[in-house]
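Trainee: Got a structure here, written out as structure tokens. Questions coming.
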Amino acid sequence: MKTWIIALCGAVVLLASPAVAEHNSGPRAESTLDLDLKVDRDGFRLGGRLVGDHVLGAWLNGRLTQDGFSVDGRVQGEERAYNFKMNADVLEALKRAAVRWWLLDL
């Protein structure tokens, strides 16, 4: 679970990097970065907002489901927002792979 959280945090940073670079190309202004991370037994929520000349925001949710996991999020600029969602029902595939590995290993 820790690996997924670290990987998803890295993805959010990479998604926000072009917007921050574009923001820094103009005249300098004071900026504020707000980050929020919540982790519970079933998943996590990572959110953030950059306030300066432009307001940019992003959030990312990860949740364990009965058959795998689900990740969804949003990257919001002043003019446009991008939403994404991924459901990975991988539990059955992992069970089959474990059985095959165990049978072949004997």
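The chains in the structure tokens are called A, B, ... from first to last as shown; in each chain the residues are counted from 1, and the ligands are counted from 1 in the order shown.
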List as a PyMOL selection string the protein and nucleic acid residues near Thr65 of chain A, meaning an atom at most 9 Å away when only C-alpha atoms are counted, but skip any in the same chain fewer than 5 places from it.
Mentor: chain A and resi 42+70+87-89
Trainee: Using N, CA, C and O atoms, can you export the residues from the last selection as a PDB file, in the first residue's frame?
Mentor:
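Final file, result.pdb:
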ATOM      1  N   ASP A  42      -8.682   1.855   4.282  1.00  0.00           N
ATOM      2  CA  ASP A  42      -9.048   1.392   2.939  1.00  0.00           C
ATOM      3  C   ASP A  42      -8.413   2.181   1.805  1.00  0.00           C
ATOM      4  O   ASP A  42      -8.518   1.782   0.654  1.00  0.00           O
ATOM      5  N   SER A  70      -9.239   1.101  -6.802  1.00  0.00           N
ATOM      6  CA  SER A  70      -9.786   2.154  -7.650  1.00  0.00           C
ATOM      7  C   SER A  70      -9.013   3.441  -7.381  1.00  0.00           C
ATOM      8  O   SER A  70      -8.703   3.755  -6.232  1.00  0.00           O
ATOM      9  N   ASN A  87     -10.397   1.755 -12.496  1.00  0.00           N
ATOM     10  CA  ASN A  87     -10.785   0.643 -11.643  1.00  0.00           C
ATOM     11  C   ASN A  87      -9.983  -0.568 -12.078  1.00  0.00           C
ATOM     12  O   ASN A  87      -9.987  -0.924 -13.253  1.00  0.00           O
ATOM     13  N   ALA A  88      -9.306  -1.181 -11.156  1.00  0.00           N
ATOM     14  CA  ALA A  88      -8.513  -2.365 -11.474  1.00  0.00           C
ATOM     15  C   ALA A  88      -9.036  -3.528 -10.631  1.00  0.00           C
ATOM     16  O   ALA A  88      -8.762  -3.604  -9.433  1.00  0.00           O
ATOM     17  N   ASP A  89      -9.813  -4.373 -11.255  1.00  0.00           N
ATOM     18  CA  ASP A  89     -10.314  -5.573 -10.591  1.00  0.00           C
ATOM     19  C   ASP A  89      -9.332  -6.691 -10.864  1.00  0.00           C
ATOM     20  O   ASP A  89      -9.501  -7.486 -11.789  1.00  0.00           O
TER      21      ASP A  89
END
Trainee: Nearest residue to Ala93 of chain A out of A:Asp40, A:Asp67, A:Asp53, A:Asp72, using only C-alpha atoms?
Mentor: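 Checking each candidate against Ala93 of chain A, we get A:Asp67 as the closest.
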Trainee: Residues within 8 Å of Leu37 of chain A, please, as a ChimeraX atom specification. Count only C-alpha atoms; anything in the same chain fewer than 4 positions from it doesn't count.
Mentor: /A:44-47
Trainee: Distance atom CA of Val51 of chain A-atom CA of Asp36 of chain A, one decimal place?
Mentor: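 Distance between the two atoms: 14.5 Å.
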Trainee: Which neighbours of Val75 of chain A fall inside 7 Å, counting only C-alpha atoms, when residues of the same chain fewer than 5 positions from it are skipped, and could you give them as a compact mmCIF listing (two decimals) with N, CA and C atoms, in the first residue's frame?
Mentor:
# COMPACT_ATOMS: atom_id res chain seq x y z
N GLY A 57 -5.28 23.47 -8.96
CA GLY A 57 -5.58 22.50 -7.92
C GLY A 57 -5.59 21.08 -8.47
N ALA A 58 -5.41 20.13 -7.59
CA ALA A 58 -5.44 18.72 -7.99
C ALA A 58 -5.78 17.88 -6.77
N TRP A 59 -6.44 16.76 -7.01
CA TRP A 59 -6.65 15.78 -5.95
C TRP A 59 -6.61 14.39 -6.55
N ALA A 81 -10.50 21.70 -16.60
CA ALA A 81 -10.26 20.65 -15.61
C ALA A 81 -10.18 19.30 -16.31
N TYR A 82 -9.37 18.43 -15.79
CA TYR A 82 -9.21 17.09 -16.32
C TYR A 82 -9.53 16.08 -15.22
N ASN A 83 -10.49 15.21 -15.48
CA ASN A 83 -10.87 14.15 -14.54
C ASN A 83 -10.38 12.82 -15.07
Trainee: What's the separation between atom CA of Lys85 of chain A and atom CA of Phe69 of chain A, in Å to one decimal place?
Mentor: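 Interatomic distance here is 11.0 Å.
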Trainee: Determine the nearest neighbour of Val71 of chain A from the options A:Leu94, A:Leu50, A:Ser31, A:Gly43, counting only C-alpha atoms.
Mentor: A:Gly43
Trainee: Smallest atom-to-atom distance to His54 of chain A: which of A:Gln66, A:Glu30, A:Arg41, A:Gly73, using only C-alpha atoms?
Mentor: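 Closest candidate: A:Glu30.
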